[in-house]
Amino acid sequence: MGNVNAVILGTGRAYPEGVITNADLETMVDTSDEWITTRTGIKQRHRAADNEYTSLFAVRAARQAIERARIEASDIDLLICATVTPDQILPATGCLIQAELGAHRAAAFDLVAACSGFLYGLTLANQMIRSSQSRYALVIGAEILTRYVDYTDRGTCVIFGDGAGAAVLGGTTSERGILSARIRSDGRYAEQLFSPGGGTRLQPTAETLSGGMHFFKMRGNELFKVAVRSMIEVSTEVLTEAGYKPEDIKLFVPHQANQRITDAVADKLGVDSSKVYSNIAMHGNTSSASIPIALDECVESGMLQEGDLVLMASFGGGATWGAVLTRW
Ligand code: UT7
């Protein structure tokens, strides 16, 4: 093959049936539907039951993506599971998913880049396919964030939800596929969104558990500004590199962190609001899963057609951020 682009061949999504509404949260912390709706755009978020776990939803989303890509699981040679909420520390959730799918030829691993994990995964898969190291790649974003949410902290518990999304990528010599991809991070922002306990630095003990050290801590207000600035910067970079302008975009699919972040980024980039996809009202912030879930919804509803120019952008804990421009 000559110049190969990596193109998304199929997508899938899955989430728990359980839901927490804003009305539910009103009974748990000092908040209101009015505050949550106007400050975040969220109305409900999915929440896994105690016997549900990350790979369960990842496998369901992946099976759908594989079927839609019209390949077999055994064709996959690269499997990336982006997650900050793995089934367990060892082995990688990617390997557990691999076994469940029967994707035995794949190199499977986990990628920790928080809400940017899916775009990090797409960026790596793109390079592996372009360099012919990989023929079919499966990139999954899967999270059970609610396990790490402190339901006494109104600043975080209203935001996060659970779910999984997946995409299968393959090579094409057509004009379609990923045109430009950029990933970035800055560890100086590490403590703006983090879980201090449970690792080797602050081992899990009765004290760390009772002190809530395994819960997510977030300085949301500070992150907000960095998120808007970074997503605009990196989106502009991928557009410029590929020779496009914001008005050329058919669909903008940002990480669903907060409706106000999405609106601010789209507005400052100059993308018309009619081209911006949002599902935050129904899912909340599902971290690495939010973009692949959104893509799958767009495909299913017919919003996304072959040949459409699609911009994806994300920002998350780390801090990490990235953007991918693709011709669908
Ligand atoms: O996923 C990617 C990484 N994460 C992000 O990008 C998160 C970005 N940040 C956000 O989405 C927003 O910062 C939040 C939704 C988390 C918070 O919204 P905000 O507008 O930044 O609120 P704030 O933290 O500045 O707080 C404003 C006020 C405070 O009250 P006072 O001090 O002004 O009296 C908070 O205590 O709102 C209060 N507040 C709430 N009130 C009712 C904070 N959370 C709530 C709540 N319900 N749930």
# chains A, B, ... in the order shown; residues from 1 in each chain; ligands from 1

call {"tool": "residues_near_ligand", "arguments": {"ligand": "ligand 1", "cutoff": "6 Å", "atoms": "only C-alpha atoms and all ligand atoms", "output": "list in words"}}
result
Thr31, Ser32, Trp35, Ile36, Arg39, Thr40, Cys115, Arg154, Gly155, Thr156, Val158, Gly220, Asn221, Leu223, Phe224, Ala227, Ala257, Asn258, Ser287, Phe315, Gly316 and Gly317 of chain A

call {"tool": "write_last_selection", "arguments": {"atoms": "C-alpha atoms", "output": "mmCIF file, in the first residue's frame"}}
result
data_model
loop_
_atom_site.group_PDB
_atom_site.id
_atom_site.type_symbol
_atom_site.label_atom_id
_atom_site.label_comp_id
_atom_site.auth_asym_id
_atom_site.auth_seq_id
_atom_site.Cartn_x
_atom_site.Cartn_y
_atom_site.Cartn_z
ATOM 1 C CA THR A 31 -27.237 20.991 45.586
ATOM 2 C CA SER A 32 -30.135 21.625 43.227
ATOM 3 C CA TRP A 35 -27.480 24.656 39.885
ATOM 4 C CA ILE A 36 -26.320 21.453 38.207
ATOM 5 C CA ARG A 39 -23.461 25.211 35.752
ATOM 6 C CA THR A 40 -22.824 21.891 33.926
ATOM 7 C CA CYS A 115 -10.409 12.239 29.873
ATOM 8 C CA ARG A 154 -20.876 18.444 45.823
ATOM 9 C CA GLY A 155 -18.048 19.904 43.737
ATOM 10 C CA THR A 156 -17.318 16.522 42.088
ATOM 11 C CA VAL A 158 -22.595 15.920 40.335
ATOM 12 C CA GLY A 220 -12.843 22.358 39.057
ATOM 13 C CA ASN A 221 -12.825 26.104 38.744
ATOM 14 C CA LEU A 223 -9.184 23.375 35.640
ATOM 15 C CA PHE A 224 -12.045 24.972 33.746
ATOM 16 C CA ALA A 227 -9.362 23.196 29.755
ATOM 17 C CA ALA A 257 -16.728 17.715 30.693
ATOM 18 C CA ASN A 258 -19.118 20.583 31.211
ATOM 19 C CA SER A 287 -13.844 10.700 31.129
ATOM 20 C CA PHE A 315 -8.929 17.818 28.275
ATOM 21 C CA GLY A 316 -8.515 15.890 31.513
ATOM 22 C CA GLY A 317 -6.588 15.049 34.643
#

call {"tool": "select_by_dssp", "arguments": {"residues": "range 50-96 of chain A", "states": "strand (DSSP E)", "output": "ChimeraX atom specification"}}
result
/A:78-82

call {"tool": "closest_atom_pairs", "arguments": {"of": "range 36-78 of chain A", "to": "range 131-146 of chain A", "cutoff": "7 Å", "atoms": "only C-alpha atoms", "output": "Markdown table"}}
result
| residue | atom | partner | partner_atom | distance |
| --- | --- | --- | --- | --- |
| A:Arg47 | CA | A:Thr146 | CA | 6.3 |
| A:Ala48 | CA | A:Ile144 | CA | 6.7 |
| A:Tyr53 | CA | A:Ile144 | CA | 6.8 |
| A:Thr54 | CA | A:Ile144 | CA | 5.6 |
| A:Ala58 | CA | A:Ala142 | CA | 5.6 |
| A:Asp75 | CA | A:Tyr136 | CA | 6.5 |
| A:Ile76 | CA | A:Tyr136 | CA | 4.8 |
| A:Asp77 | CA | A:Tyr136 | CA | 5.9 |
| A:Leu78 | CA | A:Ala137 | CA | 4.6 |

call {"tool": "write_last_selection", "arguments": {"atoms": "N, CA, C and O atoms", "output": "PDB file, in the first residue's frame"}}
result
ATOM      1  N   ARG A  47     -24.758   4.953  36.542  1.00  0.00           N
ATOM      2  CA  ARG A  47     -23.948   4.494  37.669  1.00  0.00           C
ATOM      3  C   ARG A  47     -23.995   2.971  37.733  1.00  0.00           C
ATOM      4  O   ARG A  47     -25.081   2.378  37.788  1.00  0.00           O
ATOM      5  N   ALA A  48     -22.822   2.360  37.749  1.00  0.00           N
ATOM      6  CA  ALA A  48     -22.730   0.897  37.776  1.00  0.00           C
ATOM      7  C   ALA A  48     -23.195   0.356  39.122  1.00  0.00           C
ATOM      8  O   ALA A  48     -22.997   0.985  40.161  1.00  0.00           O
ATOM      9  N   TYR A  53     -18.411  -3.958  36.545  1.00  0.00           N
ATOM     10  CA  TYR A  53     -17.014  -3.514  36.541  1.00  0.00           C
ATOM     11  C   TYR A  53     -16.655  -2.998  35.136  1.00  0.00           C
ATOM     12  O   TYR A  53     -17.421  -3.218  34.171  1.00  0.00           O
ATOM     13  N   THR A  54     -15.519  -2.346  35.033  1.00  0.00           N
ATOM     14  CA  THR A  54     -15.175  -1.594  33.819  1.00  0.00           C
ATOM     15  C   THR A  54     -15.173  -2.462  32.554  1.00  0.00           C
ATOM     16  O   THR A  54     -15.762  -2.096  31.536  1.00  0.00           O
ATOM     17  N   ALA A  58     -16.789  -2.303  28.596  1.00  0.00           N
ATOM     18  CA  ALA A  58     -15.796  -2.183  27.517  1.00  0.00           C
ATOM     19  C   ALA A  58     -16.005  -3.292  26.490  1.00  0.00           C
ATOM     20  O   ALA A  58     -15.966  -3.048  25.272  1.00  0.00           O
ATOM     21  N   ASP A  75      -8.931 -10.598  14.129  1.00  0.00           N
ATOM     22  CA  ASP A  75      -8.198  -9.738  13.178  1.00  0.00           C
ATOM     23  C   ASP A  75      -7.451  -8.608  13.898  1.00  0.00           C
ATOM     24  O   ASP A  75      -6.553  -7.987  13.324  1.00  0.00           O
ATOM     25  N   ILE A  76      -7.857  -8.307  15.135  1.00  0.00           N
ATOM     26  CA  ILE A  76      -7.297  -7.143  15.838  1.00  0.00           C
ATOM     27  C   ILE A  76      -5.875  -7.452  16.304  1.00  0.00           C
ATOM     28  O   ILE A  76      -5.631  -8.476  16.940  1.00  0.00           O
ATOM     29  N   ASP A  77      -4.946  -6.563  15.975  1.00  0.00           N
ATOM     30  CA  ASP A  77      -3.569  -6.789  16.441  1.00  0.00           C
ATOM     31  C   ASP A  77      -3.089  -5.726  17.429  1.00  0.00           C
ATOM     32  O   ASP A  77      -1.956  -5.782  17.899  1.00  0.00           O
ATOM     33  N   LEU A  78      -3.952  -4.762  17.733  1.00  0.00           N
ATOM     34  CA  LEU A  78      -3.622  -3.738  18.738  1.00  0.00           C
ATOM     35  C   LEU A  78      -4.892  -3.413  19.513  1.00  0.00           C
ATOM     36  O   LEU A  78      -5.923  -3.099  18.907  1.00  0.00           O
TER      37      LEU A  78
END

call {"tool": "closest_residue", "arguments": {"among": "A:Arg184, A:Arg130, A:His214, A:Lys268", "to": "Arg201 in chain A", "atoms": "only C-alpha atoms"}}
result
A:His214

call {"tool": "residues_around", "arguments": {"residues": "Tyr148 in chain A", "least_positions_apart": "2", "cutoff": "10 Å", "atoms": "only C-alpha atoms", "output": "PyMOL selection string"}}
result
chain A and resi 85+144-146+150-151+157+160+195+212-217

call {"tool": "residues_around", "arguments": {"residues": "Thr326 in chain A", "least_positions_apart": "3", "cutoff": "8 Å", "atoms": "only C-alpha atoms", "output": "PyMOL selection string"}}
result
chain A and resi 7+176-180+309-311

call {"tool": "write_last_selection", "arguments": {"atoms": "all heavy atoms", "output": "compact mmCIF listing (two decimals), in the first residue's frame"}}
result
# COMPACT_ATOMS: atom_id res chain seq x y z
N VAL A 7 -8.48 4.91 9.50
CA VAL A 7 -9.87 5.36 9.48
C VAL A 7 -10.69 4.56 10.48
O VAL A 7 -10.41 3.38 10.71
CB VAL A 7 -10.46 5.24 8.04
CG1 VAL A 7 -10.60 3.79 7.60
CG2 VAL A 7 -11.78 5.97 7.92
N ARG A 176 -10.11 9.40 3.15
CA ARG A 176 -10.72 9.38 4.47
C ARG A 176 -9.65 9.13 5.54
O ARG A 176 -8.51 8.89 5.24
CB ARG A 176 -11.78 8.27 4.54
CG ARG A 176 -12.93 8.50 3.58
CD ARG A 176 -13.86 7.29 3.59
NE ARG A 176 -14.34 7.03 4.93
CZ ARG A 176 -14.64 5.80 5.40
NH1 ARG A 176 -14.50 4.76 4.62
NH2 ARG A 176 -15.08 5.65 6.63
N GLY A 177 -10.08 9.22 6.80
CA GLY A 177 -9.20 8.85 7.90
C GLY A 177 -8.64 10.03 8.67
O GLY A 177 -8.98 11.20 8.40
N ILE A 178 -7.77 9.72 9.62
CA ILE A 178 -7.20 10.75 10.51
C ILE A 178 -6.23 11.63 9.73
O ILE A 178 -5.27 11.15 9.13
CB ILE A 178 -6.52 10.08 11.73
CG1 ILE A 178 -7.58 9.39 12.59
CG2 ILE A 178 -5.74 11.12 12.55
CD1 ILE A 178 -7.05 8.61 13.78
N LEU A 179 -6.52 12.94 9.73
CA LEU A 179 -5.72 13.89 8.95
C LEU A 179 -4.64 14.52 9.81
O LEU A 179 -3.57 14.89 9.32
CB LEU A 179 -6.63 14.98 8.39
CG LEU A 179 -7.82 14.48 7.55
CD1 LEU A 179 -8.75 15.64 7.21
CD2 LEU A 179 -7.32 13.80 6.28
N SER A 180 -4.96 14.68 11.10
CA SER A 180 -3.99 15.31 11.99
C SER A 180 -4.37 14.95 13.43
O SER A 180 -5.55 14.90 13.76
CB SER A 180 -4.02 16.83 11.78
OG SER A 180 -3.13 17.45 12.68
N LEU A 309 -16.05 15.99 7.79
CA LEU A 309 -14.85 16.40 8.52
C LEU A 309 -15.23 16.54 10.00
O LEU A 309 -16.11 17.33 10.35
CB LEU A 309 -14.35 17.73 7.97
CG LEU A 309 -12.96 18.18 8.43
CD1 LEU A 309 -11.88 17.21 7.95
CD2 LEU A 309 -12.66 19.59 7.93
N VAL A 310 -14.57 15.75 10.85
CA VAL A 310 -14.93 15.69 12.27
C VAL A 310 -13.74 16.11 13.12
O VAL A 310 -12.63 15.59 12.95
CB VAL A 310 -15.33 14.25 12.68
CG1 VAL A 310 -15.82 14.23 14.13
CG2 VAL A 310 -16.39 13.70 11.76
N LEU A 311 -13.98 17.05 14.04
CA LEU A 311 -12.94 17.46 14.98
C LEU A 311 -13.30 16.93 16.37
O LEU A 311 -14.43 17.11 16.83
CB LEU A 311 -12.84 18.99 15.03
CG LEU A 311 -11.89 19.57 16.08
CD1 LEU A 311 -10.43 19.25 15.74
CD2 LEU A 311 -12.08 21.08 16.22
